[in-house]
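See below for the structure under consideration.
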There are 2 protein chains.
Amino acid sequence: MAHRILHNYMNITLTSGKTISSEEGSSILESLKKADIFLTSSCGGKGTCGKCKVLVKSGQVESKSQIKLSQEEISSGYALACKTTPSEDILIEIPKESMLIVEGQIATGKSKDLQALLHAAGAEVDPIAERILINLPPPSLDDNISDLERIKRELLAEGLECLRVPHRLLTRLGETVRKGNWQITLSTIKSDDCYEITNIYQGDCKSPHYGIAIDIGTTTVVLYLINLSDGSLVDVASIYNSQIQFGDDVITRIVNATEHNQMRSIHHAIISDINNLLLLLLENHNLTKDSIDCFVAAGNTTMTQLFLNLDPASIREEPYIPTANIFPLSYAGELSIKANPNTPVYVFPCVASYVGGDIVAGIMATGMHKQEEVCIFIDIGTNGEIVIGNSDWMMSAACSAGPCFEGSGMKHGMRATDGAIEDVIINRKTLDVEIQVIGESQPMGICGSGMIDAISEMFITGILDQKGKLQKDVSDRVRDGEEGPEFVVNYGKDKDIVLSEPDIENIVRAKAAIYAGFSTLLNEVGFTFNDVHKVYIAGGFGKFLDIEKAIILGMLPELPRDKFEYMGNTSVTGAYLCTLSKKLRAEAEELSQQITYMELSVSSSFMDEYVSSLFIPHTNIDAFPGVKKLMGN
Amino acid sequence: MAHRILHNYMNITLTSGKTISSEEGSSILESLKKADIFLTSSCGGKGTCGKCKVLVKSGQVESKSQIKLSQEEISSGYALACKTTPSEDILIEIPKESMLIVEGQIATGKSKDLQALLHAAGAEVDPIAERILINLPPPSLDDNISDLERIKRELLAEGLECLRVPHRLLTRLGETVRKGNWQITLSTIKSDDCYEITNIYQGDCKSPHYGIAIDIGTTTVVLYLINLSDGSLVDVASIYNSQIQFGDDVITRIVNATEHNQMRSIHHAIISDINNLLLLLLENHNLTKDSIDCFVAAGNTTMTQLFLNLDPASIREEPYIPTANIFPLSYAGELSIKANPNTPVYVFPCVASYVGGDIVAGIMATGMHKQEEVCIFIDIGTNGEIVIGNSDWMMSAACSAGPCFEGSGMKHGMRATDGAIEDVIINRKTLDVEIQVIGESQPMGICGSGMIDAISEMFITGILDQKGKLQKDVSDRVRDGEEGPEFVVNYGKDKDIVLSEPDIENIVRAKAAIYAGFSTLLNEVGFTFNDVHKVYIAGGFGKFLDIEKAIILGMLPELPRDKFEYMGNTSVTGAYLCTLSKKLRAEAEELSQQITYMELSVSSSFMDEYVSSLFIPHTNIDAFPGVKKLMGN
């Protein structure tokens with residue numbers, strides 16, 4: 001007789017009313033995942049990121065780790081879902097900040113803005129993936145050419161001379177044309193001046209069809225669901241890049257991929273993030289895989305290589321060479337993306353090892369490659385990439401800013417989503433703190449723009465000195481925390497939100513790298529800040545990055561306010577544009593070839609500039625006359 | 001404690017001296033296969049074809065089936081390897097006819113003949129798969145383009161403008177160029193006027209490299225191992241197509257594939273045959289997969305579709321439409337061929353559902369598409385396909401001849417290999433029978449040419465009448481067998497080799513279909529046999545098809561002997577030519593477009609011609625004046 005393993009099941013009831021089943025020994029995280037409820041889990045369930053907190057309201061649980069939970073939280077009943085298993089039926093509440101963020105239906109405004117941007121770029125809705133409906137004349141003894149030749153004959157009559165049909169699409173072709181009664185819809189993509197058929201459907205499936213634009217950020221991954229028939233943005237979904245478990249920055253991930261043999265797992269992590277978000281988008285809109293015609297992804301060079309399963313080892317070693325900057329079209333199947341295996345995946349071309357496709361996409365979003373005046377583009381994400389130039393030339397560089405502005409590596413850091421403190425004002429006299437929270441909900445953490453605000457306000461009010469040290473005697477909000485001195489940004493019922501001295505050091509190093517990047521690049525091309533027409537700022541901040549405060553911090557140069565334009569996530573915007581326009585896709589490819597790259601890491605002038613920038617706002621205070629004045633107050 | 005299943009092992013010793021291990025419960029066939037000893041097994045080990053006979057010389061065995069073994073064989077100790085398991089250590093002898101035929105090193109003559117044919121076709125050794133050796137300048141901070149762009153730059157300098165590199169080749173590119181110290185060898189194939197890289201090796205691997213030409217016959221599969229560096233034929237391997245277990249002819253296989261849901265298994269069968277032969281060729285010549293740069297396969301349309309995993313359903317139903325006639329390049333990996341997954345598989349274009357790539361390859365081998373005079377090409381394999389035409393026009397048709405000439409469905413039928421009776425002479429006076437056996441070994445069966453010889457001799461000597469009935473009173477070699485009257489071609493020690501009346505009916509139906517095909521096609525284009533300059537005969541006969549005897553049988557028209565030319569397996573010859581020449585490959589593609597197809601199955605004149613041809617030699621004996629004269633003797 002065969003052995004049987006008897007499994008016990010427990011119920012997990014959510015405060016929302018839903019009850020799910022949990023197998024004995026499974027973590028709460030695993031059980032929720034099986035029920036398609038996704039929690040943020042940057043570390044991939046290793047119990048190290050502390051992001052998958054749940055509140056156990058009743059029932060016994062067993063927790064293997066409580067790392068990243070405060071004493072207060074533990075006594076209130078918080079547990080890490082990945083390290084906690086129910087011992088009996090339990091009732092839990094999932095805090096908003098633990099939920100994988102999936103924005104709902106996009107405000108019509110955002111979709112309209114993007115469509116306006118497409119038109120402003122001189123493009124129309126002409127998606128890179130097209131559907132073609134054809135009615136074939138049924139075969140007869142007198143017209144007995146093969147199914148494939150019949151399709152080609154029809155397409156040739158419509159002017160499509162060059163046509164590629166991969167072998168894998170032929171397997172079910174005979175059945176499809178006959179079941180569709182000789183009416184079929186082809187999904188196609190243009191590649192190397194040839195139309196390639198990527199899918200064949202029976203009957204009329206011309207519209208609607210969809211594309212997915214992806215920003216593969218080092219810290220966050222964002223997916224746009226785009227209706228390719230009308231160009232509208234249908235929905236957005238985003239998540240922390242779960243590669244974070246292999247390191248916060250690209251270098252640590254490359255080391256893990258190459259020296260610790262984790263390439264497969266790291267590749268799998270990003271693919272799995274994309275698959276989770278894709279599944280949610282499809283489910284939310286009752287779509288099947290067959291409705292997705294293409295993916296267009298933009299990321300920095302390392303993220304792109306890890307996404308494409310390309311060994312990134314040589315990116316890290318001088319002379320810093322990527323495997324490729326322009327990538328052949330790949331397919332969902334070969335990347336294990338859970339779409340139709342033939343669905344094409346177009347990846348934005350990169351410039352060099354440290355200026356990637358996200359930057360090319362970003363420039364596309366700003367349109368600065370078509371302007372006569374010299375502009376600066378800066379993407380402040382996990383790295384800080386800078387491009388200076390105009391329609392004639394472009395110069396780029398990268399400065400490792402670190403992922404702090406996206407909340408990573410910061411005690412209470414979080415992305416600019418609901419619950420994030422995005423604005424901090426400290427009363428010059430009373431030193432009272434006023435905050436603004438995204439979504440006007442309970443504050444759960446602090447995002448990049450909030451950090452910049454808080455630090456510059458603390459600096460102006462004397463709570464922080466020029467070296468970034470907290471001054472205990474100035475404000476009673478400065479206290480001794482677990483990691484040394486910390487400033488309480490907000491006193492909370494459950495927890496206080498603080499910025500610790502190590503947090504502040506993090507930010508100062510990041511802003512110094514950015515400012516030194518600007519200066520070095522401008523010097524290199526013989527310009528000064530005064531020659532700059534516009535500064536386009538992209539990155540994972542909230543909507544309202546306070547430019548003045550970023551200047552006080554010394555992250556941005558002191559220029560008139562109207563020269564700065566905050567652009568949001570330009571990587572996904574650029575991907576959106578190129579999903580919807582063949583012309584813009586071609587433009588992006590040309591652009592990637594025109595940008596010259598400067599390697600800052602071997603530049604001694606960059607190191608000098610960096611060291612000078614480690615002060616707030618800068619060693620050379622005369623470069624910041626306005627800030628100097630403020631400091632005088 | 002975990003359970004352990006204890007396996008018992010027995011030894012199987014071969015008379016050659018080799019001993020292999022056999023797990024309890026495994027058939028002898030399986031155990032031999034594990035030890036890389038391959039037996040013929042047309043039915044795939046189902047115990048129905050009787051081809052995997054072994055002689056058990058000592059030791060106990062258990063046999064589940066003895067179908068296809070004669071009483072004599074059973075009492076001598078023969079057993080079916082697929083249905084027999086050893087009960088203890090055994091000693092067996094593997095008869096030559098049970099061994100999977102792998103011809104040894106090719107006689108230099110054959111290779112020279114083929115190379116001469118290549119030159120006669122106006123081509124040089126310019127294989128469709130090329131290797132390119134490049135020395136890359138190592139990257140530096142001043143020359144920091146990506147690895148892929150570095151390769152492209154080098155190739156562009158050599159004049160290769162259009163270059164495709166599939167995503168899957170990038171995965172290990174970085175490692176390969178560095179380990180090879182910036183010297184690499186690229187395998188490439190030209191496709192759609194673009195070079196496609198199919199493999200990248202570190203260092204200098206330019207030569208030698210190899211290609212595999214494949215004839216996918218309905219009954220037999222033949223592989224040629226070709227040295228692409230010098231064009232020589234290195235070795236040949238062949239095997240019965242194990243799809244035979246799903247039917248002897250294409251129609252039965254289509255029915256099984258589509259109505260009995262066996263598509264996957266049927267596809268797998270041919271792939272597994274090719275993999276077995278490939279493995280043997282590689283092992284015999286100490287080659288690795290990496291040395292194989294391409295496969296070039298030719299087969300009839302159904303075989304081609306089953307090979308490519310394309311549903312053949314519509315080939316069988318009026319108006320008889322294949323999925324494709326011109327196939328996109330596919331890759332070993334997507335077909336599960338056990339070569340490097342990126343190795344390209346080029347498949348010969350087909351003409352129509354019943355005139356396939358084997359015929360296009362055949363015409364290439366004859367060169368009749370370049371001659372002014374009208375010629376006939378006939379391939380007598382499992383089907384009989386006929387082409388009539390010259391350099392200006394070509395007309396083709398197919399007549400279902402059945403697989404009898406390849407030995408299938410015939411009591412003692414076998415292919416034209418060692419042990420096959422290929423020549424039969426019956427003394428006009430004594431009626432004594434004289435035979436010639438291929439390899440001058442013990443006769444083991446009778447091949448196509450032997451059958452034609454035997455039947456025409458029996459007819460001329462009056463042992464057989466015009467309707468194909470055996471005359472008991474004429475020869476004492478006519479006796480009652482298991483399937484009715486039979487003629488003993490050879491009395492043997494172990495077994496007699498006979499042709500039964502059903503065997504003879506088989507042959508007569510086949511020859512009638514072929515002759516009717518000739519006549520119908522000639523009528524259609526308004527020619528007679530007298531207008532024909534040459535008749536090229538291809539097919540699985542031995543080297544010495546006796547044309548005179550085929551005329552007596554009424555299979556071939558009565559024309560002067562020098563108008564006939566026997567060409568052997570032209571399918572694999574054509575595949576050989578196109579493997580070695582880009583020019584000939586292009587010619588084959590053009591040719592496939594120029595051949596007009598006539599559907600005989602809906603032609604009433606074909607049916608009339610067929611019925612008239614069911615007599616030996618023909619109802620209209622005046623078309624065979626020479627035979628008429630002989631009959632008078």
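How things are named: the first chain in the structure tokens is A, the next is B, and so on; residues count from 1 in each chain; ligands count from 1 in the order shown.
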
Kindly determine which residues of chain A lie within 8 Å of chain B, considering only C-alpha atoms, and give the answer as a PyMOL selection string.
chain A and resi 139-141+144-149+164-168+170-175+308-311+313-314+318-330+334+352+599

Please identify all polymer residues within 10 Å of Ala513 of chain B, counting only C-alpha atoms, omitting same-chain residues fewer than 6 positions from it, and present them as a PDB file with N, CA and C atoms, in the first residue's frame.
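What ended up in out13.pdb:
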```
ATOM      1  N   ASN B 383       5.505   5.920 -52.019  1.00  0.00           N
ATOM      2  CA  ASN B 383       4.605   6.384 -53.060  1.00  0.00           C
ATOM      3  C   ASN B 383       5.372   6.326 -54.364  1.00  0.00           C
ATOM      4  N   GLY B 384       4.698   6.548 -55.486  1.00  0.00           N
ATOM      5  CA  GLY B 384       5.423   6.734 -56.730  1.00  0.00           C
ATOM      6  C   GLY B 384       5.138   8.144 -57.214  1.00  0.00           C
ATOM      7  N   ALA B 398       1.364  12.189 -58.417  1.00  0.00           N
ATOM      8  CA  ALA B 398       1.703  11.128 -57.475  1.00  0.00           C
ATOM      9  C   ALA B 398       0.723   9.985 -57.637  1.00  0.00           C
ATOM     10  N   CYS B 399       1.236   8.760 -57.614  1.00  0.00           N
ATOM     11  CA  CYS B 399       0.344   7.608 -57.663  1.00  0.00           C
ATOM     12  C   CYS B 399       0.699   6.728 -56.474  1.00  0.00           C
ATOM     13  N   SER B 400      -0.291   6.333 -55.698  1.00  0.00           N
ATOM     14  CA  SER B 400       0.050   5.579 -54.481  1.00  0.00           C
ATOM     15  C   SER B 400       0.502   4.186 -54.840  1.00  0.00           C
ATOM     16  N   ALA B 401       1.795   3.980 -54.856  1.00  0.00           N
ATOM     17  CA  ALA B 401       2.353   2.683 -55.204  1.00  0.00           C
ATOM     18  C   ALA B 401       2.427   1.770 -53.984  1.00  0.00           C
ATOM     19  N   GLY B 402       2.400   2.350 -52.814  1.00  0.00           N
ATOM     20  CA  GLY B 402       2.520   1.513 -51.613  1.00  0.00           C
ATOM     21  C   GLY B 402       3.977   1.199 -51.319  1.00  0.00           C
ATOM     22  N   ILE B 507       2.592  -6.099 -55.457  1.00  0.00           N
ATOM     23  CA  ILE B 507       3.536  -5.600 -56.461  1.00  0.00           C
ATOM     24  C   ILE B 507       2.788  -5.194 -57.739  1.00  0.00           C
ATOM     25  N   MET B 555       5.915  -2.306 -65.409  1.00  0.00           N
ATOM     26  CA  MET B 555       6.050  -1.151 -64.513  1.00  0.00           C
ATOM     27  C   MET B 555       6.625   0.029 -65.288  1.00  0.00           C
ATOM     28  N   PHE B 606      -6.945   8.569 -65.212  1.00  0.00           N
ATOM     29  CA  PHE B 606      -5.979   7.795 -64.430  1.00  0.00           C
ATOM     30  C   PHE B 606      -6.584   6.460 -63.983  1.00  0.00           C
ATOM     31  N   MET B 607      -7.836   6.490 -63.544  1.00  0.00           N
ATOM     32  CA  MET B 607      -8.471   5.243 -63.078  1.00  0.00           C
ATOM     33  C   MET B 607      -8.551   4.230 -64.210  1.00  0.00           C
ATOM     34  N   GLU B 609      -6.598   4.042 -66.857  1.00  0.00           N
ATOM     35  CA  GLU B 609      -5.238   3.566 -67.129  1.00  0.00           C
ATOM     36  C   GLU B 609      -4.792   2.550 -66.070  1.00  0.00           C
ATOM     37  N   TYR B 610      -5.180   2.804 -64.840  1.00  0.00           N
ATOM     38  CA  TYR B 610      -4.780   1.928 -63.736  1.00  0.00           C
ATOM     39  C   TYR B 610      -5.362   0.526 -63.923  1.00  0.00           C
ATOM     40  N   VAL B 611      -6.677   0.491 -64.207  1.00  0.00           N
ATOM     41  CA  VAL B 611      -7.347  -0.808 -64.368  1.00  0.00           C
ATOM     42  C   VAL B 611      -6.711  -1.583 -65.527  1.00  0.00           C
ATOM     43  N   SER B 613      -3.747  -1.473 -66.410  1.00  0.00           N
ATOM     44  CA  SER B 613      -2.374  -1.841 -66.085  1.00  0.00           C
ATOM     45  C   SER B 613      -2.297  -2.952 -65.041  1.00  0.00           C
ATOM     46  N   LEU B 614      -3.438  -3.457 -64.579  1.00  0.00           N
ATOM     47  CA  LEU B 614      -3.403  -4.476 -63.526  1.00  0.00           C
ATOM     48  C   LEU B 614      -3.006  -5.847 -64.078  1.00  0.00           C
TER      49      LEU B 614
END
```

Can you tell me which residues surround Ile363 of chain A at a distance of at most 9 Å, considering only C-alpha atoms, apart from same-chain residues fewer than 2 positions away, and format the answer as JSON, numbers by chain?
{"A": [358, 359, 360, 361, 365, 366, 367, 368, 369, 377, 387, 570, 571, 574, 588, 591]}

Residues from last step as file, N, CA and C atoms, as a PDB file, in the first residue's frame:
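So selection.pdb came out as:
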```pdb
ATOM      1  N   ASP A 358      16.545  53.036 -19.967  1.00  0.00           N
ATOM      2  CA  ASP A 358      15.629  53.911 -19.225  1.00  0.00           C
ATOM      3  C   ASP A 358      15.945  55.375 -19.510  1.00  0.00           C
ATOM      4  N   ILE A 359      17.230  55.671 -19.740  1.00  0.00           N
ATOM      5  CA  ILE A 359      17.640  57.053 -20.019  1.00  0.00           C
ATOM      6  C   ILE A 359      17.260  57.432 -21.450  1.00  0.00           C
ATOM      7  N   VAL A 360      17.464  56.486 -22.372  1.00  0.00           N
ATOM      8  CA  VAL A 360      17.032  56.739 -23.754  1.00  0.00           C
ATOM      9  C   VAL A 360      15.518  56.995 -23.762  1.00  0.00           C
ATOM     10  N   ALA A 361      14.786  56.166 -23.025  1.00  0.00           N
ATOM     11  CA  ALA A 361      13.324  56.357 -22.930  1.00  0.00           C
ATOM     12  C   ALA A 361      13.008  57.707 -22.304  1.00  0.00           C
ATOM     13  N   ALA A 365      10.875  60.969 -23.637  1.00  0.00           N
ATOM     14  CA  ALA A 365       9.748  61.575 -22.926  1.00  0.00           C
ATOM     15  C   ALA A 365       9.896  63.088 -22.811  1.00  0.00           C
ATOM     16  N   THR A 366      11.154  63.569 -22.731  1.00  0.00           N
ATOM     17  CA  THR A 366      11.347  65.022 -22.611  1.00  0.00           C
ATOM     18  C   THR A 366      11.337  65.720 -23.976  1.00  0.00           C
ATOM     19  N   GLY A 367      11.743  65.020 -25.000  1.00  0.00           N
ATOM     20  CA  GLY A 367      11.839  65.637 -26.324  1.00  0.00           C
ATOM     21  C   GLY A 367      13.059  66.529 -26.484  1.00  0.00           C
ATOM     22  N   MET A 368      13.999  66.490 -25.534  1.00  0.00           N
ATOM     23  CA  MET A 368      15.149  67.400 -25.607  1.00  0.00           C
ATOM     24  C   MET A 368      16.072  67.101 -26.787  1.00  0.00           C
ATOM     25  N   HIS A 369      15.961  65.885 -27.340  1.00  0.00           N
ATOM     26  CA  HIS A 369      16.791  65.538 -28.505  1.00  0.00           C
ATOM     27  C   HIS A 369      16.307  66.242 -29.762  1.00  0.00           C
ATOM     28  N   PHE A 377      19.144  66.457 -18.571  1.00  0.00           N
ATOM     29  CA  PHE A 377      18.168  65.481 -18.107  1.00  0.00           C
ATOM     30  C   PHE A 377      18.823  64.728 -16.975  1.00  0.00           C
ATOM     31  N   VAL A 387      22.182  63.442 -18.608  1.00  0.00           N
ATOM     32  CA  VAL A 387      22.465  63.671 -20.025  1.00  0.00           C
ATOM     33  C   VAL A 387      22.431  65.171 -20.274  1.00  0.00           C
ATOM     34  N   THR A 570      10.001  58.819 -16.334  1.00  0.00           N
ATOM     35  CA  THR A 570      10.121  58.997 -17.786  1.00  0.00           C
ATOM     36  C   THR A 570      10.473  57.697 -18.496  1.00  0.00           C
ATOM     37  N   SER A 571      10.971  56.734 -17.733  1.00  0.00           N
ATOM     38  CA  SER A 571      11.335  55.468 -18.353  1.00  0.00           C
ATOM     39  C   SER A 571      10.074  54.782 -18.883  1.00  0.00           C
ATOM     40  N   GLY A 574       8.541  56.865 -21.742  1.00  0.00           N
ATOM     41  CA  GLY A 574       9.216  56.608 -23.016  1.00  0.00           C
ATOM     42  C   GLY A 574       8.800  55.263 -23.591  1.00  0.00           C
ATOM     43  N   ALA A 588      14.124  56.385 -31.131  1.00  0.00           N
ATOM     44  CA  ALA A 588      14.831  55.972 -29.912  1.00  0.00           C
ATOM     45  C   ALA A 588      16.095  55.202 -30.271  1.00  0.00           C
ATOM     46  N   LEU A 591      18.622  57.664 -31.470  1.00  0.00           N
ATOM     47  CA  LEU A 591      19.073  58.450 -30.325  1.00  0.00           C
ATOM     48  C   LEU A 591      20.141  57.706 -29.521  1.00  0.00           C
TER      49      LEU A 591
END
```

What does the distance from atom CA of Asp273 of chain A to atom CA of Leu39 of chain A come to in Å, to one decimal?
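Rounded to one decimal, the two atoms are 11.5 Å apart.
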
I need the residues of segment 139-275 of chain A that end up classed as alpha helix (DSSP H) by DSSP on the backbone, written out as a VMD selection string.
chain A and resid 147 to 157 173 to 179 250 to 258 263 to 275

Write the residues you've just listed into a file as a PDB file, in the first residue's frame, and include C-alpha atoms for each of them.
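In the end it all went to again_35.pdb:
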```pdb
ATOM      1  CA  ASP A 147      -2.229  27.615 -46.189  1.00  0.00           C
ATOM      2  CA  LEU A 148       0.900  29.674 -45.584  1.00  0.00           C
ATOM      3  CA  GLU A 149       1.316  30.665 -49.241  1.00  0.00           C
ATOM      4  CA  ARG A 150      -2.389  31.632 -49.288  1.00  0.00           C
ATOM      5  CA  ILE A 151      -1.821  34.020 -46.395  1.00  0.00           C
ATOM      6  CA  LYS A 152       1.345  35.407 -47.978  1.00  0.00           C
ATOM      7  CA  ARG A 153      -0.452  35.955 -51.296  1.00  0.00           C
ATOM      8  CA  GLU A 154      -3.155  37.943 -49.515  1.00  0.00           C
ATOM      9  CA  LEU A 155      -0.656  40.053 -47.608  1.00  0.00           C
ATOM     10  CA  LEU A 156       1.418  40.674 -50.721  1.00  0.00           C
ATOM     11  CA  ALA A 157      -1.733  42.014 -52.376  1.00  0.00           C
ATOM     12  CA  LEU A 173      -2.008  27.020 -38.666  1.00  0.00           C
ATOM     13  CA  GLY A 174      -4.058  24.442 -40.590  1.00  0.00           C
ATOM     14  CA  GLU A 175      -6.567  24.107 -37.771  1.00  0.00           C
ATOM     15  CA  THR A 176      -6.788  27.862 -37.157  1.00  0.00           C
ATOM     16  CA  VAL A 177      -7.604  28.883 -40.742  1.00  0.00           C
ATOM     17  CA  ARG A 178     -10.216  26.151 -41.066  1.00  0.00           C
ATOM     18  CA  LYS A 179     -11.894  26.731 -37.697  1.00  0.00           C
ATOM     19  CA  VAL A 250      23.283  47.053  -9.456  1.00  0.00           C
ATOM     20  CA  ILE A 251      26.853  46.302  -8.389  1.00  0.00           C
ATOM     21  CA  THR A 252      25.826  44.028  -5.525  1.00  0.00           C
ATOM     22  CA  ARG A 253      23.452  42.234  -7.860  1.00  0.00           C
ATOM     23  CA  ILE A 254      26.176  41.737 -10.463  1.00  0.00           C
ATOM     24  CA  VAL A 255      28.454  40.322  -7.772  1.00  0.00           C
ATOM     25  CA  ASN A 256      25.703  37.954  -6.651  1.00  0.00           C
ATOM     26  CA  ALA A 257      24.900  36.958 -10.217  1.00  0.00           C
ATOM     27  CA  THR A 258      28.446  36.240 -11.219  1.00  0.00           C
ATOM     28  CA  MET A 263      22.215  34.582 -12.179  1.00  0.00           C
ATOM     29  CA  ARG A 264      19.263  32.242 -12.669  1.00  0.00           C
ATOM     30  CA  SER A 265      17.558  33.312  -9.439  1.00  0.00           C
ATOM     31  CA  ILE A 266      18.137  36.998 -10.107  1.00  0.00           C
ATOM     32  CA  HIS A 267      16.755  36.705 -13.640  1.00  0.00           C
ATOM     33  CA  HIS A 268      13.849  34.717 -12.290  1.00  0.00           C
ATOM     34  CA  ALA A 269      13.092  37.362  -9.639  1.00  0.00           C
ATOM     35  CA  ILE A 270      12.408  40.163 -12.136  1.00  0.00           C
ATOM     36  CA  ILE A 271      10.477  37.864 -14.441  1.00  0.00           C
ATOM     37  CA  SER A 272       8.356  36.723 -11.539  1.00  0.00           C
ATOM     38  CA  ASP A 273       7.639  40.344 -10.536  1.00  0.00           C
ATOM     39  CA  ILE A 274       6.532  41.116 -14.072  1.00  0.00           C
ATOM     40  CA  ASN A 275       4.422  37.964 -14.180  1.00  0.00           C
TER      41      ASN A 275
END
```

For Glu565 of chain B, find every residue with an atom within 10 Å (counting only C-alpha atoms), except residues of its own chain fewer than 4 positions away, and show them as a VMD selection string.
chain B and resid 366 377 534 to 538 545 547 561

When DSSP is applied to the backbone of this structure, which of segment 307-498 of chain B are assigned strand (DSSP E or B)? Write them out as number ranges by chain.
B: 330-331, 344-347, 352, 355, 375-380, 384-389, 394-399, 413, 420-426, 433-437, 445-446, 464, 470, 478-481, 484-490, 497-498

What lies within 12 Å of Lys493 of chain A using only C-alpha atoms, ignoring chain neighbours under 3 positions off, as a list in words?
Glu72, Glu73, Ser76, Gln442, Pro443, Met444, Asn490, Asp496 and Ile497 of chain A

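With distances restricted to only C-alpha atoms, B:Thr302 is the closest residue to Gly357 of chain B from B:Gln436, B:Thr302, B:Ser238, B:Thr343.
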
Selection: 10 Å around Ile189 of chain A, only C-alpha atoms, excl. self and same-chain fewer than 2 positions, as a ChimeraX atom specification
/A:127-131,164,186-187,191-199,293-294,329,343-344,346,582

Quick one: pull the distance between atom CA of Lys33 of chain A and atom CA of Gly419 of chain A, Å, one decimal.
23.2 Å

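Interatomic distance, atom CA of Thr417 of chain A to atom CA of Ile438 of chain A: 6.2 Å.
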
For Thr40 of chain B, the closest of B:Ser98, B:Ser500, B:Ser229, B:Thr219 counting only C-alpha atoms is B:Ser98

Give me the residues within 7 Å of Phe487 of chain A as JSON, numbers by chain, counting only C-alpha atoms and dropping any in the same chain fewer than 4 places off.
{"A": [477, 478, 479, 498, 499, 500]}

Compare A:Lys563, A:His209, A:Lys18, A:His533 by their minimum atom-to-atom distance to Glu372 of chain A, counting only C-alpha atoms, and give me the closest one.
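Counting only C-alpha atoms, the residue closest to Glu372 of chain A is A:His533.
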
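Counting only C-alpha atoms, the residue from A:Leu80, A:Ala35, A:Ala550, A:Leu522 that sits nearest to Lys51 of chain A is A:Leu80.
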